[in-house]
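Contents: one structure, followed by commentary.
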Amino acid sequence: MNAAPSTSFGVEGCLCLPLTRDEDGDTRYLWPAESADRIIGWERGQSCPHHARSVLDPARLARYMRPITGAFGVSSHSCAEPFMELADAEQADLRQQLAILHAEVEAFRNQPALRTCLFPGCIRQYDAISWMNGTPPPRPTWSGAGWHILKTSSIFTDGGHLCPDHVDIVTTHLPRLVTTPSGRYTVDCACGWTPAPKRSHRLVTALWQEHLLEAQGDLPPAPPLTDPEHRTPLADHTAQSLNELYDRLWDAEADRDETRDALQEFYRCWKEHNALLADHATLAARVHNALLLVRTHMATGSRDWAQDSSDAWLYAVLYGWDCEQEHQHTDDCRAGLDEVAAKHGWSAGRVARTRKHRAALALAGPNGETEAAARRDDPEED
């Protein structure tokens, strides 16, 4: 046993941990927010410069063995004193056994969180804890590389996990849970498949899994519900089967009303869209006529638009100094914008922006090639 320390616990530089008791009488470490009057003892720190122990004392051994022996239902009381009376070889052997027990407890506490693929019949798993921590899994087959997570918005209320082998097939047939007006459930599959409504969403989950196996080719396709050869004879119907037929009838009537409302809404939106297109067409025609009048005034007037820099820029944007015929340009085609720009000292950037504005405006109004075909009477001038 060690003698009492010559230096008080808690002094500057002391690395020992204060101990206290909780309401159940169990010993625990003192929280930082708790007062010092609750301290009942100290646990010596291994690196404490004042109180580091050179040998293993019984109290510390008992606290070390408590989680190990407690995990296996063995009491740790009176385990420390006999240990100190053993020989060095026996102590070393016992320490090795304790290390093995401690490793087993740590493995039990840190066991992997395995997630299984939701595809029916697939038994592949991955360790979610190792994948989130970025550490190698206990087994190479438990790697999370390539796995996908299915959110809770699908037919699986708790979500699910997909292994790399079944990501494509499930994505192609991604399910969405639908609640019918009668309170029953069905599935809206991404491929367009929809089963008959059921009273429990777990039943439609099983139907979707069967549909998934049929799409994979593991099961033969089921006969359609409307196949006369597979209809239930009238004498074999029960109260439950008749209730299911009535529920399907009420769902069909509700779908008819919803479909009619949706078609009426589509028709209203179509009419509003056509009216908006007509307004835009009228506005475009007026802009077209206004541009045509401006171009005619510039072409037939006696004003020299090349003398002033501002006039030359307006002419370049509204009428155009260059040839705008849709043909192979030759030396005979006019290309006056460069000459006008050189005359007034325009920069290359301004010339490029002017050509860009002229090209955009030519799409909204008449140009040199379509003026004759674009002339029309403006109703506001009649």
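Numbering starts fresh at 1 for the residues of each chain in the structure tokens, the chains themselves are lettered A, B, ... in the order given, and ligands are numbered from 1 as they appear.
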
Original post:
Could you pull the residues within 9 Å of Leu337 (chain A), counting only C-alpha atoms, minus those fewer than 3 positions along the same chain, as a list in words?
Top reply: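 Residues meeting the cut-off are Ala312, Ala316, Gly320, Trp321, Asp322, Arg334, Val340, Ala341, Ala342, Val351 and Arg355 of chain A.
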
Original post:
Between CA of Leu249 (chain A) and CA of Pro181 (chain A), what is the distance, to one decimal in Å?
Top reply: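 The value is 11.2 Å.
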
**OP:** Please give the complete set of residues from region 199-267 of chain A that DSSP, run on the backbone, assigns to helix (DSSP H, G or I), formatted as JSON, numbers by chain.
**Re:** {"A": [201, 202, 203, 204, 205, 206, 207, 208, 209, 210, 211, 212, 213, 214, 215, 216, 228, 229, 230, 234, 235, 236, 239, 240, 241, 242, 243, 244, 245, 246, 247, 248, 249, 250, 251, 252, 253, 254, 255, 256, 257, 258, 259, 260, 261, 262, 263, 264, 265, 266, 267]}

**OP:** Can you list, as a VMD selection string, all residues belonging to region 67-208 of chain A that DSSP tags as strand (DSSP E)?
**Re:** chain A and resid 114 to 116 125 to 127 148 to 150 160 to 162 177 to 179 185 to 187

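As for CA of Ser241 (chain A) and CA of Thr180 (chain A), they are spaced 17.9 Å apart.
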
Subject >> Distance query Leu318 (chain A) at most 9 Å, only C-alpha atoms, self and fewer than 6 positions along chain excluded, as a list in words >> reply: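 Those residues are Leu291, Val294, Arg295, Met298, Arg358, Leu361 and Ala362 of chain A.
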
**OP:** Name all residues at most 6 Å from region 7-23 of chain A (count only C-alpha atoms; drop same-chain ones fewer than 6 positions away) and give them as a PyMOL selection string.
**Re:** chain A and resi 29-30+38-45+48

**OP:** Write out as a list in words the residues lying within 12 Å of Leu212 (chain A), counting only C-alpha atoms and excluding same-chain residues fewer than 5 positions away.
**Re:** Leu118, Phe119, Pro120, Gly121, His166, Asp168, Ile169, Val170, Thr171, Thr172, His173, Leu174, Pro175, Cys189, Ala190, Cys191, Trp193, Thr205, Ala206, Leu207, Gly217, Asp218, Leu219, Pro220, Pro221 and Ala222 of chain A
